[in-house]
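Engineer: File follows, input-v8.pdb with PDB, C-alpha atoms:
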```
MODEL        1
ATOM      1  CA  MET A 211      31.861 -43.507  87.716
ATOM      2  CA  ALA A 212      33.572 -44.823  84.671
ATOM      3  CA  ALA A 213      33.464 -42.573  81.656
ATOM      4  CA  ILE A 214      33.233 -45.334  79.095
ATOM      5  CA  TYR A 215      30.694 -48.070  79.689
ATOM      6  CA  SER A 216      31.499 -50.386  76.832
ATOM      7  CA  LEU A 217      33.299 -50.694  73.546
ATOM      8  CA  TYR A 218      32.231 -52.652  70.456
ATOM      9  CA  ILE A 219      33.882 -53.507  67.163
ATOM     10  CA  ILE A 220      31.706 -54.894  64.379
ATOM     11  CA  ASN A 221      32.843 -56.204  61.032
ATOM     12  CA  LYS A 222      31.439 -55.051  57.735
ATOM     13  CA  SER A 223      28.646 -57.592  57.718
ATOM     14  CA  GLY A 224      27.436 -56.559  61.160
ATOM     15  CA  GLY A 225      28.919 -59.352  63.243
ATOM     16  CA  LEU A 226      30.294 -58.460  66.637
ATOM     17  CA  ILE A 227      34.007 -59.180  66.665
ATOM     18  CA  TYR A 228      34.982 -57.458  69.877
ATOM     19  CA  TYR A 229      33.191 -56.405  73.013
ATOM     20  CA  LYS A 230      34.553 -55.073  76.222
ATOM     21  CA  ASP A 231      32.734 -53.503  79.130
ATOM     22  CA  TYR A 232      34.257 -51.109  81.591
ATOM     23  CA  GLY A 233      32.605 -50.568  84.912
ATOM     24  CA  SER A 234      29.355 -51.841  86.281
ATOM     25  CA  ALA A 235      26.801 -49.622  84.552
ATOM     26  CA  GLY A 236      24.886 -51.201  81.699
ATOM     27  CA  ARG A 237      26.591 -54.559  81.746
ATOM     28  CA  MET A 238      25.052 -57.015  79.307
ATOM     29  CA  ASP A 239      25.205 -60.696  78.591
ATOM     30  CA  THR A 240      26.646 -62.098  75.384
ATOM     31  CA  ASN A 241      23.328 -62.372  73.586
ATOM     32  CA  ASP A 242      22.470 -58.773  74.311
ATOM     33  CA  THR A 243      25.797 -57.534  73.025
ATOM     34  CA  LEU A 244      25.345 -59.453  69.778
ATOM     35  CA  ARG A 245      21.885 -57.973  69.476
ATOM     36  CA  VAL A 246      23.142 -54.435  70.074
ATOM     37  CA  ALA A 247      25.861 -54.935  67.466
ATOM     38  CA  SER A 248      23.576 -56.138  64.709
ATOM     39  CA  LEU A 249      20.898 -53.588  65.601
ATOM     40  CA  TRP A 250      23.406 -50.797  65.430
ATOM     41  CA  HIS A 251      24.731 -52.084  62.148
ATOM     42  CA  SER A 252      21.257 -51.994  60.619
ATOM     43  CA  MET A 253      20.336 -48.642  62.117
ATOM     44  CA  HIS A 254      23.559 -47.191  60.823
ATOM     45  CA  ALA A 255      22.771 -48.498  57.353
ATOM     46  CA  ILE A 256      19.207 -47.183  57.463
ATOM     47  CA  SER A 257      20.363 -43.782  58.663
ATOM     48  CA  GLN A 258      22.622 -43.561  55.625
ATOM     49  CA  GLN A 259      19.661 -44.156  53.339
ATOM     50  CA  LEU A 260      17.285 -41.847  55.178
ATOM     51  CA  SER A 261      19.666 -38.953  55.432
ATOM     52  CA  PRO A 262      18.700 -35.970  53.264
ATOM     53  CA  VAL A 263      22.392 -35.212  52.812
ATOM     54  CA  SER A 264      23.971 -37.077  49.925
ATOM     55  CA  GLY A 265      27.111 -38.990  50.721
ATOM     56  CA  CYS A 266      26.124 -39.331  54.366
ATOM     57  CA  SER A 267      28.305 -41.807  56.193
ATOM     58  CA  GLY A 268      25.797 -42.819  58.871
ATOM     59  CA  ILE A 269      25.130 -41.972  62.500
ATOM     60  CA  GLU A 270      28.143 -40.727  64.390
ATOM     61  CA  LEU A 271      26.556 -39.935  67.719
ATOM     62  CA  LEU A 272      23.419 -41.104  69.458
ATOM     63  CA  GLN A 273      22.507 -39.115  72.533
ATOM     64  CA  ALA A 274      20.217 -40.510  75.194
ATOM     65  CA  ASP A 275      19.373 -39.381  78.721
ATOM     66  CA  THR A 276      21.672 -41.840  80.381
ATOM     67  CA  PHE A 277      24.358 -42.499  77.777
ATOM     68  CA  ASP A 278      25.976 -41.356  74.544
ATOM     69  CA  LEU A 279      26.846 -43.759  71.779
ATOM     70  CA  HIS A 280      29.738 -42.644  69.599
ATOM     71  CA  CYS A 281      30.389 -44.483  66.368
ATOM     72  CA  PHE A 282      33.337 -44.399  64.021
ATOM     73  CA  GLN A 283      33.281 -46.277  60.749
ATOM     74  CA  SER A 284      36.452 -46.908  58.815
ATOM     75  CA  LEU A 285      36.438 -46.695  55.026
ATOM     76  CA  THR A 286      36.741 -50.465  54.896
ATOM     77  CA  GLY A 287      33.411 -50.839  56.705
ATOM     78  CA  THR A 288      34.549 -51.883  60.163
ATOM     79  CA  LYS A 289      32.663 -49.988  62.856
ATOM     80  CA  PHE A 290      33.988 -49.033  66.262
ATOM     81  CA  PHE A 291      31.513 -47.733  68.769
ATOM     82  CA  ALA A 292      31.551 -46.842  72.408
ATOM     83  CA  VAL A 293      28.750 -46.380  74.898
ATOM     84  CA  CYS A 294      29.727 -43.802  77.463
ATOM     85  CA  GLU A 295      28.627 -41.208  79.970
ATOM     86  CA  PRO A 296      26.644 -38.371  78.367
ATOM     87  CA  GLY A 297      28.513 -35.273  77.271
ATOM     88  CA  ILE A 298      32.039 -36.606  76.932
ATOM     89  CA  GLN A 299      33.964 -35.019  74.092
ATOM     90  CA  GLN A 300      37.087 -36.977  73.307
ATOM     91  CA  ILE A 301      35.485 -40.282  72.398
ATOM     92  CA  GLU A 302      35.936 -39.784  68.649
ATOM     93  CA  SER A 303      39.650 -39.521  69.006
ATOM     94  CA  LEU A 304      39.655 -42.502  71.334
ATOM     95  CA  LEU A 305      37.801 -44.565  68.709
ATOM     96  CA  LYS A 306      40.253 -43.439  66.069
ATOM     97  CA  PHE A 307      43.017 -44.544  68.374
ATOM     98  CA  VAL A 308      41.329 -47.910  68.904
ATOM     99  CA  TYR A 309      41.275 -48.247  65.101
ATOM    100  CA  GLU A 310      45.027 -47.716  65.031
ATOM    101  CA  LEU A 311      45.517 -50.296  67.765
ATOM    102  CA  TYR A 312      43.302 -52.667  65.800
ATOM    103  CA  THR A 313      45.453 -52.289  62.692
ATOM    104  CA  ASP A 314      48.615 -52.815  64.728
ATOM    105  CA  TYR A 315      47.721 -55.546  67.160
ATOM    106  CA  VAL A 316      44.919 -57.392  65.407
ATOM    107  CA  LEU A 317      45.457 -57.150  61.663
ATOM    108  CA  LYS A 318      49.204 -57.617  61.952
ATOM    109  CA  ASN A 319      48.781 -60.777  63.957
ATOM    110  CA  PRO A 320      49.292 -63.464  61.326
ATOM    111  CA  PHE A 321      47.039 -65.855  63.235
ATOM    112  CA  TYR A 322      44.110 -63.488  63.332
ATOM    113  CA  GLU A 323      41.574 -64.384  60.694
ATOM    114  CA  ILE A 324      40.043 -61.380  59.094
ATOM    115  CA  GLU A 325      36.372 -60.647  59.941
ATOM    116  CA  MET A 326      36.458 -63.160  62.802
ATOM    117  CA  PRO A 327      36.093 -62.438  66.534
ATOM    118  CA  ILE A 328      39.190 -60.813  67.982
ATOM    119  CA  ARG A 329      41.043 -62.922  70.480
ATOM    120  CA  CYS A 330      44.366 -61.177  70.708
ATOM    121  CA  GLU A 331      45.830 -60.784  74.147
ATOM    122  CA  LEU A 332      48.171 -57.970  73.185
ATOM    123  CA  PHE A 333      45.301 -55.946  71.779
ATOM    124  CA  ASP A 334      43.363 -56.478  75.003
ATOM    125  CA  ILE A 335      46.239 -55.357  77.166
ATOM    126  CA  ILE A 336      47.144 -52.250  75.187
ATOM    127  CA  LEU A 337      43.504 -51.278  74.797
ATOM    128  CA  THR A 338      42.823 -51.570  78.522
ATOM    129  CA  GLN A 339      45.874 -49.459  79.251
ATOM    130  CA  SER A 340      44.891 -46.712  76.876
ATOM    131  CA  VAL A 341      41.275 -46.613  78.002
ATOM    132  CA  GLN A 342      42.452 -46.348  81.577
ATOM    133  CA  LYS A 343      44.825 -43.567  80.666
ATOM    134  CA  ASP A 344      41.939 -41.803  78.994
ATOM    135  CA  ARG A 345      39.844 -42.253  82.093
ATOM    136  CA  VAL A 346      42.559 -40.716  84.236
ATOM    137  CA  ALA A 347      42.708 -37.796  81.833
ATOM    138  CA  LEU A 348      38.954 -37.357  82.098
ATOM    139  CA  LEU A 349      38.975 -37.480  85.894
ATOM    140  CA  GLY A 350      41.731 -34.906  85.944
ATOM    141  CA  GLN A 351      39.541 -32.335  84.237
TER     142      GLN A 351
ATOM    143  CA  MET B 145      35.266 -32.917  66.009
ATOM    144  CA  ALA B 146      36.969 -31.122  63.145
ATOM    145  CA  PRO B 147      38.187 -33.518  60.478
ATOM    146  CA  VAL B 148      41.828 -34.322  60.900
ATOM    147  CA  ALA B 149      43.989 -33.184  58.026
ATOM    148  CA  PRO B 150      45.493 -35.979  55.943
ATOM    149  CA  ARG B 151      49.121 -36.578  56.726
ATOM    150  CA  SER B 152      51.808 -36.625  54.106
ATOM    151  CA  GLY B 153      53.672 -39.801  53.255
ATOM    152  CA  ASP B 154      56.886 -38.301  54.613
ATOM    153  CA  ALA B 155      55.343 -37.438  57.961
ATOM    154  CA  ILE B 156      53.965 -40.934  58.463
ATOM    155  CA  PHE B 157      57.161 -42.552  57.288
ATOM    156  CA  ALA B 158      59.096 -40.522  59.843
ATOM    157  CA  ASN B 159      56.867 -41.705  62.677
ATOM    158  CA  ILE B 160      56.445 -45.325  61.820
ATOM    159  CA  GLU B 161      58.599 -48.046  63.292
ATOM    160  CA  ARG B 162      61.056 -49.329  60.737
ATOM    161  CA  VAL B 163      63.333 -52.274  60.298
ATOM    162  CA  ASN B 164      66.732 -52.337  58.741
ATOM    163  CA  ALA B 165      66.309 -52.059  54.963
ATOM    164  CA  GLU B 166      68.745 -54.848  54.279
ATOM    165  CA  LEU B 167      66.967 -57.225  56.620
ATOM    166  CA  PHE B 168      63.756 -56.454  54.761
ATOM    167  CA  THR B 169      65.279 -56.857  51.314
ATOM    168  CA  LEU B 170      67.071 -60.066  52.212
ATOM    169  CA  THR B 171      64.006 -61.532  53.906
ATOM    170  CA  TYR B 172      61.951 -60.908  50.808
ATOM    171  CA  GLY B 173      64.698 -62.455  48.706
ATOM    172  CA  ALA B 174      64.738 -65.529  50.922
ATOM    173  CA  ILE B 175      60.972 -65.903  50.557
ATOM    174  CA  VAL B 176      61.095 -65.680  46.768
ATOM    175  CA  ARG B 177      63.995 -68.128  46.664
ATOM    176  CA  GLN B 178      62.142 -70.581  48.887
ATOM    177  CA  LEU B 179      59.027 -70.317  46.739
ATOM    178  CA  LEU B 180      61.090 -71.083  43.646
ATOM    179  CA  THR B 181      62.492 -74.157  45.359
ATOM    180  CA  ASP B 182      59.103 -75.306  46.615
ATOM    181  CA  LEU B 183      56.942 -74.612  43.599
ATOM    182  CA  GLU B 184      59.542 -75.122  40.849
ATOM    183  CA  GLU B 185      57.398 -73.401  38.208
ATOM    184  CA  VAL B 186      58.070 -69.696  37.752
ATOM    185  CA  GLU B 187      54.435 -69.107  36.799
ATOM    186  CA  GLU B 188      53.298 -70.674  40.073
ATOM    187  CA  VAL B 189      55.686 -68.479  42.016
ATOM    188  CA  ASN B 190      54.279 -65.386  40.323
ATOM    189  CA  LYS B 191      50.793 -66.504  41.292
ATOM    190  CA  GLN B 192      51.804 -67.280  44.848
ATOM    191  CA  LEU B 193      53.540 -63.935  45.325
ATOM    192  CA  ASP B 194      50.456 -62.176  44.027
ATOM    193  CA  GLN B 195      48.256 -64.110  46.449
ATOM    194  CA  MET B 196      50.595 -63.332  49.348
ATOM    195  CA  GLY B 197      50.491 -59.682  48.381
ATOM    196  CA  TYR B 198      46.716 -59.780  48.244
ATOM    197  CA  ASN B 199      46.550 -61.201  51.744
ATOM    198  CA  ILE B 200      48.856 -58.446  52.950
ATOM    199  CA  GLY B 201      46.893 -55.784  51.092
ATOM    200  CA  ILE B 202      43.541 -56.582  52.660
ATOM    201  CA  ARG B 203      45.044 -55.995  56.100
ATOM    202  CA  LEU B 204      47.431 -53.218  55.272
ATOM    203  CA  ILE B 205      44.723 -50.942  53.873
ATOM    204  CA  ASP B 206      43.311 -50.424  57.349
ATOM    205  CA  GLU B 207      46.663 -49.406  58.727
ATOM    206  CA  PHE B 208      47.057 -47.058  55.818
ATOM    207  CA  LEU B 209      43.668 -45.446  56.431
ATOM    208  CA  ALA B 210      44.152 -45.278  60.184
ATOM    209  CA  LYS B 211      47.550 -43.646  60.062
ATOM    210  CA  SER B 212      47.264 -41.409  57.021
ATOM    211  CA  ASN B 213      43.857 -39.876  57.822
ATOM    212  CA  VAL B 214      43.025 -39.743  54.139
ATOM    213  CA  SER B 215      39.347 -39.383  53.478
ATOM    214  CA  ARG B 216      37.306 -40.975  50.737
ATOM    215  CA  CYS B 217      38.799 -40.297  47.310
ATOM    216  CA  VAL B 218      36.485 -38.580  44.842
ATOM    217  CA  ASP B 219      37.685 -40.518  41.825
ATOM    218  CA  PHE B 220      40.141 -43.146  40.721
ATOM    219  CA  ARG B 221      42.659 -40.489  39.724
ATOM    220  CA  GLU B 222      42.880 -39.333  43.299
ATOM    221  CA  THR B 223      43.106 -42.945  44.472
ATOM    222  CA  ALA B 224      46.075 -43.657  42.214
ATOM    223  CA  ASP B 225      47.742 -40.478  43.346
ATOM    224  CA  VAL B 226      47.295 -41.357  47.006
ATOM    225  CA  ILE B 227      48.704 -44.850  46.442
ATOM    226  CA  ALA B 228      51.769 -43.483  44.687
ATOM    227  CA  LYS B 229      52.459 -40.483  46.887
ATOM    228  CA  VAL B 230      51.332 -41.599  50.331
ATOM    229  CA  GLY B 231      51.072 -45.392  50.189
ATOM    230  CA  PHE B 232      54.427 -46.184  48.659
ATOM    231  CA  LYS B 233      56.138 -43.575  50.798
ATOM    232  CA  MET B 234      54.578 -44.846  53.999
ATOM    233  CA  PHE B 235      55.367 -48.519  53.519
ATOM    234  CA  LEU B 236      58.405 -48.625  51.259
ATOM    235  CA  GLY B 237      59.941 -45.206  51.786
ATOM    236  CA  VAL B 238      59.923 -44.381  48.091
ATOM    237  CA  THR B 239      57.624 -42.232  46.010
ATOM    238  CA  ALA B 240      56.147 -43.348  42.760
ATOM    239  CA  SER B 241      54.699 -41.275  39.950
ATOM    240  CA  VAL B 242      51.432 -41.755  38.138
ATOM    241  CA  THR B 243      51.356 -41.487  34.354
ATOM    242  CA  ASN B 244      49.735 -42.834  31.205
ATOM    243  CA  TRP B 245      46.119 -42.172  32.041
ATOM    244  CA  ASP B 246      43.613 -43.464  29.577
ATOM    245  CA  ALA B 247      40.742 -41.264  28.431
ATOM    246  CA  GLU B 248      38.168 -42.719  30.854
ATOM    247  CA  GLY B 249      40.423 -42.275  33.866
ATOM    248  CA  THR B 250      40.194 -45.945  34.821
ATOM    249  CA  CYS B 251      43.640 -47.139  33.851
ATOM    250  CA  CYS B 252      47.026 -45.700  34.705
ATOM    251  CA  SER B 253      50.632 -46.572  35.325
ATOM    252  CA  ILE B 254      52.473 -46.286  38.584
ATOM    253  CA  VAL B 255      56.153 -45.842  37.904
ATOM    254  CA  LEU B 256      58.721 -46.765  40.512
ATOM    255  CA  GLU B 257      62.211 -45.552  39.882
ATOM    256  CA  ASP B 258      63.555 -46.715  43.156
ATOM    257  CA  ASN B 259      62.550 -50.083  44.551
ATOM    258  CA  PRO B 260      64.091 -51.315  47.798
ATOM    259  CA  LEU B 261      62.979 -54.894  47.124
ATOM    260  CA  VAL B 262      65.515 -55.365  44.346
ATOM    261  CA  ASP B 263      68.587 -53.727  45.856
ATOM    262  CA  PHE B 264      70.838 -56.757  45.386
ATOM    263  CA  VAL B 265      68.903 -58.762  42.851
ATOM    264  CA  GLU B 266      70.082 -59.999  39.478
ATOM    265  CA  LEU B 267      67.634 -62.242  37.707
ATOM    266  CA  PRO B 268      69.323 -65.357  36.305
ATOM    267  CA  ASP B 269      68.475 -66.552  32.779
ATOM    268  CA  ASN B 270      66.437 -69.542  33.882
ATOM    269  CA  TYR B 271      64.056 -67.343  35.892
ATOM    270  CA  GLN B 272      63.386 -64.744  33.215
ATOM    271  CA  GLY B 273      59.625 -65.283  33.498
ATOM    272  CA  LEU B 274      59.636 -64.315  37.160
ATOM    273  CA  TYR B 275      58.012 -61.093  38.287
ATOM    274  CA  TYR B 276      60.229 -60.677  41.304
ATOM    275  CA  CYS B 277      58.132 -57.899  42.829
ATOM    276  CA  ASN B 278      54.772 -59.487  42.097
ATOM    277  CA  ILE B 279      53.925 -59.158  45.777
ATOM    278  CA  LEU B 280      53.498 -55.406  45.231
ATOM    279  CA  SER B 281      50.834 -55.833  42.585
ATOM    280  CA  GLY B 282      48.990 -58.184  44.927
ATOM    281  CA  VAL B 283      49.171 -55.674  47.760
ATOM    282  CA  ILE B 284      47.613 -52.943  45.629
ATOM    283  CA  ARG B 285      44.910 -55.280  44.351
ATOM    284  CA  GLY B 286      44.060 -56.452  47.880
ATOM    285  CA  ALA B 287      44.025 -52.963  49.335
ATOM    286  CA  LEU B 288      41.746 -51.614  46.604
ATOM    287  CA  ASP B 289      39.491 -54.616  46.990
ATOM    288  CA  MET B 290      38.774 -53.674  50.592
ATOM    289  CA  VAL B 291      37.633 -50.193  49.605
ATOM    290  CA  SER B 292      35.235 -51.639  47.011
ATOM    291  CA  MET B 293      37.377 -51.281  43.925
ATOM    292  CA  LYS B 294      38.069 -54.309  41.811
ATOM    293  CA  ALA B 295      41.308 -53.702  40.031
ATOM    294  CA  GLU B 296      43.730 -55.542  37.824
ATOM    295  CA  VAL B 297      47.389 -54.871  38.432
ATOM    296  CA  THR B 298      50.049 -55.961  35.952
ATOM    297  CA  TRP B 299      53.718 -55.248  35.402
ATOM    298  CA  LEU B 300      54.487 -53.362  32.217
ATOM    299  CA  ARG B 301      58.145 -52.720  32.829
ATOM    300  CA  ASP B 302      60.521 -54.453  35.181
ATOM    301  CA  ALA B 303      64.017 -53.162  35.793
ATOM    302  CA  LEU B 304      65.190 -56.705  36.537
ATOM    303  CA  ARG B 305      64.266 -57.673  32.989
ATOM    304  CA  GLY B 306      66.283 -54.897  31.452
ATOM    305  CA  ASP B 307      63.817 -52.006  31.517
ATOM    306  CA  ASP B 308      64.863 -48.704  32.996
ATOM    307  CA  VAL B 309      62.155 -48.510  35.684
ATOM    308  CA  PHE B 310      59.393 -50.519  37.311
ATOM    309  CA  GLU B 311      55.984 -49.775  35.878
ATOM    310  CA  LEU B 312      52.758 -51.168  37.268
ATOM    311  CA  GLN B 313      49.566 -50.857  35.311
ATOM    312  CA  VAL B 314      46.532 -50.429  37.523
ATOM    313  CA  LYS B 315      43.235 -50.913  35.781
ATOM    314  CA  LEU B 316      39.975 -50.269  37.574
ATOM    315  CA  LEU B 317      37.595 -53.030  36.546
ATOM    316  CA  LYS B 318      34.582 -51.989  38.545
ATOM    317  CA  GLN B 319      33.601 -50.033  41.539
ATOM    318  CA  VAL B 320      31.339 -52.100  43.754
ATOM    319  CA  PRO B 321      28.618 -49.869  45.164
ATOM    320  CA  GLU B 322      28.599 -49.836  48.924
ATOM    321  CA  GLU B 323      24.922 -49.179  49.242
ATOM    322  CA  TYR B 324      22.645 -51.420  51.180
ATOM    323  CA  PRO B 325      21.113 -53.838  50.799
ATOM    324  CA  TYR B 326      23.981 -55.952  49.625
ATOM    325  CA  LYS B 327      22.794 -58.414  47.061
ATOM    326  CA  ASP B 328      22.790 -61.784  48.725
ATOM    327  CA  ASP B 329      23.653 -63.719  45.606
ATOM    328  CA  GLU B 330      26.880 -61.825  44.986
TER     329      GLU B 330
ENDMDL
END
```
Show me, as structure tokens, the structure contained in the file I just sent.

Structural biologist:
Amino acid sequence: MAAIYSLYIINKSGGLIYYKDYGSAGRMDTNDTLRVASLWHSMHAISQQLSPVSGCSGIELLQADTFDLHCFQSLTGTKFFAVCEPGIQQIESLLKFVYELYTDYVLKNPFYEIEMPIRCELFDIILTQSVQKDRVALLGQ
Amino acid sequence: MAPVAPRSGDAIFANIERVNAELFTLTYGAIVRQLLTDLEEVEEVNKQLDQMGYNIGIRLIDEFLAKSNVSRCVDFRETADVIAKVGFKMFLGVTASVTNWDAEGTCCSIVLEDNPLVDFVELPDNYQGLYYCNILSGVIRGALDMVSMKAEVTWLRDALRGDDVFELQVKLLKQVPEEYPYKDDE
């Protein structure tokens, strides 16, 4: 079974700008993905306000019976989150790596308009490669 | 996961892909020259360079954050320090120093002694009003804008105009709170 089910990138106003699913589990249609993105954006914001810790930066990990949701938010407000198999450790570093790919292959593309949905083929290709590599590494454990 | 330690400007600079410095300098020169031809007015060119810098800055900040692992700065002093020590090193390969703080800690100068953009440049008399490196001030303004700091960046000294160094004044106008809900009318 695939380790990572799906990957989302949402802009700072909560709009889904990138979605990719890997493997058959939990596949969703476009409307559902948009809903998940904006729901997560709001929940993340609410969690920041509810947290008893001051300076809380929002939910980083949501654990459920059948999946884990890891979230990484950059200081500029873009959120990267992945839904994956429960109990996997390295997702944070993967998300951080996706952020680096995003800065390289999306933001440096002069024809990419900031805050808009990502349609960059290079980003797609490199991302798929690295997620696959990660999957191989996970299977090898 | 344990927080990753911030990387130094030197370490990032060593790892990043680079282009030939002359190609970079000459390309920038060609752009400025073309702008002067197209826009004719020096003032307009200054404005355009600043806008171009801004557009670069709003994208470049993410690369900076992603590759430097710096965490949120506690105050503007730290921000200025990070820009000078890590930012300039990472993208231009030079380090700048921060001086001339005002009492409130909202306004300072970033001094550049070495500036690769101007390696071969001599400003002719008819372009004396030109801020040749105005793209840099735009970059800083754009980058700060994306991390909720409205800043004003102006040149105080310009080596091309006969000063000994380049000095950028960075003035923090306001810090936009990031808390929700965002006000809709803003």

Engineer: Evaluating the PyMOL selection byres ((chain A and resi 283) around 10) on the displayed file yields which residues, as a list in words?

Structural biologist: Ile219, Ile220, Asn221, Lys222, His254, Ser267, Gly268, Ile269, Glu270, Cys281, Phe282, Ser284, Leu285, Thr286, Gly287, Thr288, Lys289, Phe290, Phe291, Leu305, Lys306 and Tyr309 of chain A

Engineer: List the residues matched by the PyMOL selection byres ((chain A) within 6 of (chain B)) in the displayed structure as a ChimeraX atom specification, ordered by chain and then by residue number.

Structural biologist: /A:286,310,313,317

Engineer: What does the distance between CA of Thr243 (chain B) and CA of Leu256 (chain B) come to in Å, to one decimal place?

Structural biologist: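 Computed distance, CA of Thr243 (chain B) to CA of Leu256 (chain B), equals 11.0 Å.
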
Engineer: In terms of the shortest atom-to-atom distance over only C-alpha atoms, which of B:Leu179, B:Pro260, B:Gly306, B:Met293 is closest to Lys233 (chain B)?

Structural biologist: B:Pro260

Engineer: Take the point (55.6, -51.1, 34.8) in the file's coordinates, draw a sphere of radius 9 Å around it, and report as a list in words every protein, DNA or RNA residue with an atom inside or on it, counting all atoms listed in the file.

Structural biologist: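 Taken together, the residues in range are Ser253, Ile254, Val255, Leu256, Thr298, Trp299, Leu300, Arg301, Asp302, Ala303, Asp307, Val309, Phe310, Glu311, Leu312 and Gln313 of chain B.
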
Engineer: Pick the closest to Gly201 (chain B) from A:Ile324, A:Leu279, A:Leu260, A:Leu304: which is it, counting only C-alpha atoms?

Structural biologist: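 Of the candidates, the smallest distance to Gly201 (chain B) is held by A:Ile324.
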
Engineer: Quick one: which residues end up in the PyMOL selection byres ((chain B and resi 262) around 8) for this structure, as a list in words?

Structural biologist: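 Listing what the PyMOL selection byres ((chain B and resi 262) around 8) selects in the shown file: Thr169, Asn259, Pro260, Leu261, Asp263, Phe264, Val265, Cys277 and Leu304 of chain B.
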
Engineer: Would you work out the distance separating CA of Tyr228 (chain A) from CA of Asp275 (chain A), expressed in Å to one decimal?

Structural biologist: 25.5 Å

Engineer: For the atom pair CA of Lys230 (chain A) and CA of Val308 (chain A), what is the interatomic distance in Å to one decimal place?

Structural biologist: 12.3 Å

Engineer: For Val189 (chain B), please output as a list in words all residues within 10 Å (counting all atoms listed in the file; exclusion window: fewer than 2 positions along the same chain).

Structural biologist: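 Everything that qualifies: Val176, Arg177, Gln178, Leu179, Leu180, Thr181, Asp182, Leu183, Glu184, Glu185, Val186, Glu187, Lys191, Gln192, Leu193, Asp194, Gln195, Gly273, Leu274, Tyr275, Tyr276 and Asn278 of chain B.
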